[in-house]
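Peer 1: First the structure, then my questions, so here it is.
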Amino acid sequence: MKLYVKKVKTSKGTNENLWIDFTHEGKRYRKSLGLKNTPTNRKIANTRIIPEIQLKIVTGEFFKNETKIPTVDEYMKVSFDLQSGNRGKACQKDYILKYNKHIKSVFGNKKLNAITTNSITSWQNKLLKEKGLKPKTIKQIRGLLYTMFEDALKESSPIIQKNPVIGVGKLKEEVIITEDNINSLVDNSVNPFTIEEVKLILNNAPNEQMKNLFALLFFTGCRGGEAIALTWEKIDFKNKTIKIDRKLRQGEFGFPKYKSIRTIPILDVLLPYLQSQFNLTGDKKSFVFLNPYGRHLWDTSKFRDTHWKKTLKKANIVYRSPHTTRHTFISTLISNGEDINYVSKVAGHDSVKTTLEVYSHFIPNNNENFGLIFNKNFAT
């Protein structure tokens, strides 16, 4: 019987644990002792635990207590329960739907220790090539497997030896470059509307409330769920500010991330739209945007399908998601020289680094006097 150290990579670093390795009746067994690799624990393992295990092997007791390896479907339920405190109800519901749709049929009946890195790589490649999912979406789905395996590694007696998601092949989206899309490929995820397109969208809105909602999205950069959850008590006309402190997603109210709880200035261009909306719903003293039944608007997905798509089609504008209004707000401010630190704060990003990673190519390049300080002082 061999005592050895098993190194396991986790999201927080590398753990070193003591394991045993032996063969009995032609079958190989590897088992964690549930101890960290320290001199004291190695001594305990050699002088007490291993002799006890050897005795249990002889009597057959060891094999009665052999750890049962759960299937992915069984342990995914455990993982969802463990992670429920870190996720909102809508987020948890969305993750469960993704698991049932994309993972369960492929891996659900397989035991955790039977899932290999290569099998995950092959699965995600099929999602990309056969299902047509975008790499970003696949990574979100794959993240469910990653989290599940990480949870399994944290058990007092780990039921797997490593997280097979670590080392999975990278995804690359094939893009054909043409004259029409070359400019937008600088950042494939950000393709903002132009000022003229914003005007066309507002002018082609189906009704006054939708026009006011579109304007709020374009001139504050708030997310769709934040706009729908907005109540009149959060709008301060006197100080010209809007407080963003909750969101609505899939019918569930929740709190934005800490940095996304913020105060947005009301631009002068937005004031007439807010005043127009106040005339429509202000007396209700509830949500800013209401459906015909006097309740908050539907989810962003329904708003997108019922009004947004039709408006873009009527305005003869190539379709982009409602979230592009946020990209438009941020990129337009940055490209016109606004302080990127303040823009990042208003947008509710975690840090300026986040803003720069997505929008750095919108920063204006004023290179006319670039290097002048050196040319002036070190001229020959």
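Labels used: A, B, ... for chains in the order of the structure tokens, numbers from 1 for residues in each chain, and numbers from 1 for ligands as shown.
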Which parts of range 150-298 of chain A does DSSP call helix (DSSP H, G or I) when run on the backbone here, written out as a PyMOL selection string?

Peer 2: chain A and resi 150-153+184-187+195-203+208-220+224-228+232-234+258-260+271-284

Peer 1: Looking at only C-alpha atoms, which of A:Gly282, A:Gly143, A:Pro265, A:Gly221 is the one that sits closest to Pro192 in chain A?

Peer 2: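 Checking each candidate against Pro192 in chain A, we get A:Gly221 as the closest.
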
Peer 1: Considering only C-alpha atoms, state which residue in the set A:Asp339, A:Asp73, A:Glu252, A:Asp268 is at the smallest distance from Phe237 in chain A.

Peer 2: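 Nearest to Phe237 in chain A: A:Asp268.
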
Peer 1: For His323 in chain A, find every residue with an atom within 12 Å (counting only C-alpha atoms), except residues of its own chain fewer than 5 positions away, and show them as a PyMOL selection string.

Peer 2: chain A and resi 189-193+214+217-218+221-227+300-301+303-304+308+328-330

Peer 1: Would you compute the distance between CA of Ile159 in chain A and CA of Lys56 in chain A? Give it in Å to one decimal.

Peer 2: 20.3 Å

Peer 1: So which residues of range 71-277 of chain A fall under strand (DSSP E or B) by DSSP, listed as a list of chain:residue names?

Peer 2: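 The strand (DSSP E or B) residues within range 71-277 of chain A come out as A:Thr71, A:Lys111, A:Thr231, A:Ile235, A:Asp236, A:Thr241, A:Ile242, A:Lys243, A:Ile244, A:Lys247, A:Leu248, A:Arg249, A:Glu252, A:Phe253, A:Gly254, A:Arg262, A:Thr263, A:Ile264, A:Pro265.
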
Peer 1: Restricted to C-alpha atoms, what would the selected residues look like written as a PDB file, in the first residue's frame?

Peer 2:
ATOM      1  CA  THR A  71     -23.924  10.941 -11.256  1.00  0.00           C
ATOM      2  CA  LYS A 111     -20.677   9.381 -12.764  1.00  0.00           C
ATOM      3  CA  THR A 231     -40.179  53.749  -9.270  1.00  0.00           C
ATOM      4  CA  ILE A 235     -36.287  60.084  -9.433  1.00  0.00           C
ATOM      5  CA  ASP A 236     -35.296  63.455  -7.963  1.00  0.00           C
ATOM      6  CA  THR A 241     -30.693  62.448 -10.248  1.00  0.00           C
ATOM      7  CA  ILE A 242     -31.978  58.886 -10.552  1.00  0.00           C
ATOM      8  CA  LYS A 243     -31.247  56.255  -7.902  1.00  0.00           C
ATOM      9  CA  ILE A 244     -30.638  52.744  -9.284  1.00  0.00           C
ATOM     10  CA  LYS A 247     -33.651  45.226 -10.975  1.00  0.00           C
ATOM     11  CA  LEU A 248     -36.358  42.986 -12.400  1.00  0.00           C
ATOM     12  CA  ARG A 249     -35.513  39.738 -14.151  1.00  0.00           C
ATOM     13  CA  GLU A 252     -38.275  38.444  -9.805  1.00  0.00           C
ATOM     14  CA  PHE A 253     -37.013  41.626  -8.145  1.00  0.00           C
ATOM     15  CA  GLY A 254     -33.423  41.642  -6.985  1.00  0.00           C
ATOM     16  CA  ARG A 262     -25.576  54.030  -8.038  1.00  0.00           C
ATOM     17  CA  THR A 263     -26.938  57.514  -8.661  1.00  0.00           C
ATOM     18  CA  ILE A 264     -27.242  58.628 -12.284  1.00  0.00           C
ATOM     19  CA  PRO A 265     -27.407  62.305 -13.294  1.00  0.00           C
TER      20      PRO A 265
END

Peer 1: Near range 121-135 of chain A, counting only C-alpha atoms, which residues have an atom at most 7 Å away, once you skip same-chain residues fewer than 4 positions from it, shown as a CSV table (one decimal) with C-alpha atoms, in the first residue's frame?

Peer 2:
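Contents of around-v4.csv, freshly written:
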chain,number,residue,atom,x,y,z
A,117,THR,CA,-11.5,16.9,-20.0
A,139,LYS,CA,-18.6,29.4,-21.4
A,168,VAL,CA,-10.7,22.2,-21.6
A,169,GLY,CA,-9.9,23.5,-25.1
A,171,LEU,CA,-13.3,28.3,-28.1
A,172,LYS,CA,-12.7,30.4,-31.1
A,173,GLU,CA,-15.5,32.0,-33.1

Peer 1: Just give me the gap between CA of Leu333 in chain A and CA of Leu216 in chain A in Å, one decimal is fine.

Peer 2: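 Distance reported for this atom pair: 15.3 Å.
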
Peer 1: Rounded to one decimal in Å, what is the spacing between CA of Thr324 in chain A and CA of Pro256 in chain A?

Peer 2: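 Computing it gives 18.8 Å between the two atoms.
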
Peer 1: I'd like the neighbourhood of Ile120 in chain A as a ChimeraX atom specification, where a residue qualifies if any of its atoms comes within 10 Å (using only C-alpha atoms), though same-chain residues fewer than 6 positions away should be ignored.

Peer 2: /A:106-107,126,142,145,164-165,167-169

Peer 1: Excluding Lys31 in chain A and any residue of its chain fewer than 5 positions from it, enumerate the residues within 8 Å of it, using only C-alpha atoms, and give them as a ChimeraX atom specification.

Peer 2: /A:19-21
